[in-house]
Amino acid sequence: DDGIVEVSLGAWSSASSFFALGIDHIRSGPDHLLFLLVLTLAVAGASVNSGTAWRAVKLVTAFTIGHAISLGLAYFDVITVPAALVEPAISLSIVAAAVLAIRGRSADAKPWIAGLIGLVHGLGFASSLSSVGVATTQRAPALAAFNLGIDVAQTVVVLLVLAVLWVSGKALTNRIAWVT
């Protein structure tokens, strides 16, 4: 009568929808993509090997854990931080990561630092996620699926960047050897 239609998805449908939303959050989020690019370049530098790949994946996972904690706290209304504070902090974290990468100081980057940056980034998305209607009983599984989607997408992005760096390094090395 009032023109409003409510649709309730089952638990599996909600979880899979939120998993896809987590992947889409990374795919369409320039702040996340830029941070992942900078983080990967900082960790790998000019040398891509299994050690640098593992270190990059660990840092991304620490970032996701921080992101998940603050997102969960904000999603369940435990904390509230104004966007006027969060958005500049997100930008500052990307700039700080870029400065560390440029100065060559990120080779020893600690996962807890990535986790702190994740805390800031998680606050940035909490209000958007809260606007998506989910049955109260499905909020925790939906949030877990969302965070899993984020981690999978971030890991794929990092591995793709590492693959491009590795191929570029091999091509450049072969090209230099051919010229000399």
# chains A, B, ... in the order shown; residues from 1 in each chain; ligands from 1
>>> closest_atom_pairs(of="stretch 32-57 of chain A", to="stretch 95-98 of chain A", cutoff="9 Å", atoms="only C-alpha atoms", output="tab-separated table")
residue	atom	partner	partner_atom	distance
A:Phe35	CA	A:Ala97	CA	7.5
A:Val38	CA	A:Ala98	CA	5.8
A:Leu39	CA	A:Ala97	CA	6.8
A:Ala42	CA	A:Ala98	CA	7.8
>>> residues_around(residues="stretch 15-31 of chain A", least_positions_apart="2", cutoff="12 Å", atoms="only C-alpha atoms", output="VMD selection string")
chain A and resid 9 to 13 33 to 38 64 67 to 68 71 87 to 95 117 to 118 120 to 122 124 to 126 128 to 129 132 to 135 137 to 158
>>> select_by_dssp(residues="stretch 26-117 of chain A", states="alpha helix (DSSP H)", output="JSON, numbers by chain")
{"A": [26, 27, 30, 31, 32, 33, 34, 35, 36, 37, 38, 39, 40, 41, 42, 43, 44, 50, 51, 52, 53, 54, 55, 56, 57, 58, 59, 60, 61, 62, 63, 64, 65, 66, 67, 68, 69, 70, 71, 72, 73, 74, 75, 83, 84, 85, 86, 87, 88, 89, 90, 91, 92, 93, 94, 95, 96, 97, 98, 99, 100, 101, 102, 103, 111, 112, 113, 114, 115, 116, 117]}
>>> residues_around(residues="A:Arg55", least_positions_apart="4", cutoff="9 Å", atoms="only C-alpha atoms", output="ChimeraX atom specification")
/A:43-44,50-51,59-60,109,111
>>> write_last_selection(atoms="N, CA, C and O atoms", output="tab-separated table (two decimals), in the first residue's frame")
chain	number	residue	atom	x	y	z
A	43	VAL	N	57.05	-2.87	-1.13
A	43	VAL	CA	57.57	-4.13	-0.60
A	43	VAL	C	58.47	-4.83	-1.62
A	43	VAL	O	59.54	-5.31	-1.29
A	44	ALA	N	58.02	-4.87	-2.86
A	44	ALA	CA	58.75	-5.62	-3.87
A	44	ALA	C	59.96	-4.85	-4.40
A	44	ALA	O	61.00	-5.45	-4.68
A	50	SER	N	59.63	-14.99	-4.01
A	50	SER	CA	58.62	-15.55	-3.11
A	50	SER	C	58.61	-14.82	-1.77
A	50	SER	O	57.56	-14.65	-1.15
A	51	GLY	N	59.75	-14.35	-1.32
A	51	GLY	CA	59.82	-13.61	-0.05
A	51	GLY	C	59.07	-12.29	-0.11
A	51	GLY	O	58.32	-11.95	0.81
A	59	LEU	N	51.14	-8.20	4.58
A	59	LEU	CA	50.77	-6.82	4.86
A	59	LEU	C	49.34	-6.53	4.44
A	59	LEU	O	48.60	-5.84	5.15
A	60	VAL	N	48.93	-7.06	3.29
A	60	VAL	CA	47.57	-6.85	2.82
A	60	VAL	C	46.57	-7.53	3.77
A	60	VAL	O	45.51	-6.97	4.09
A	109	ALA	N	58.55	-2.95	6.41
A	109	ALA	CA	57.20	-2.58	6.84
A	109	ALA	C	56.62	-3.66	7.74
A	109	ALA	O	56.73	-4.85	7.46
A	111	PRO	N	53.53	-5.56	9.73
A	111	PRO	CA	52.09	-5.80	9.55
A	111	PRO	C	51.22	-4.96	10.47
A	111	PRO	O	50.12	-4.56	10.08
>>> closest_residue(among="A:Asn49, A:Leu123, A:Ala171, A:Val161", to="A:Phe76", atoms="only C-alpha atoms")
A:Leu123
>>> atom_distance(atom1="atom CA of A:Ser14", atom2="atom CA of A:Ser70")
21.0 Å
>>> atom_distance(atom1="atom CA of A:Thr40", atom2="atom CA of A:Ala56")
6.0 Å
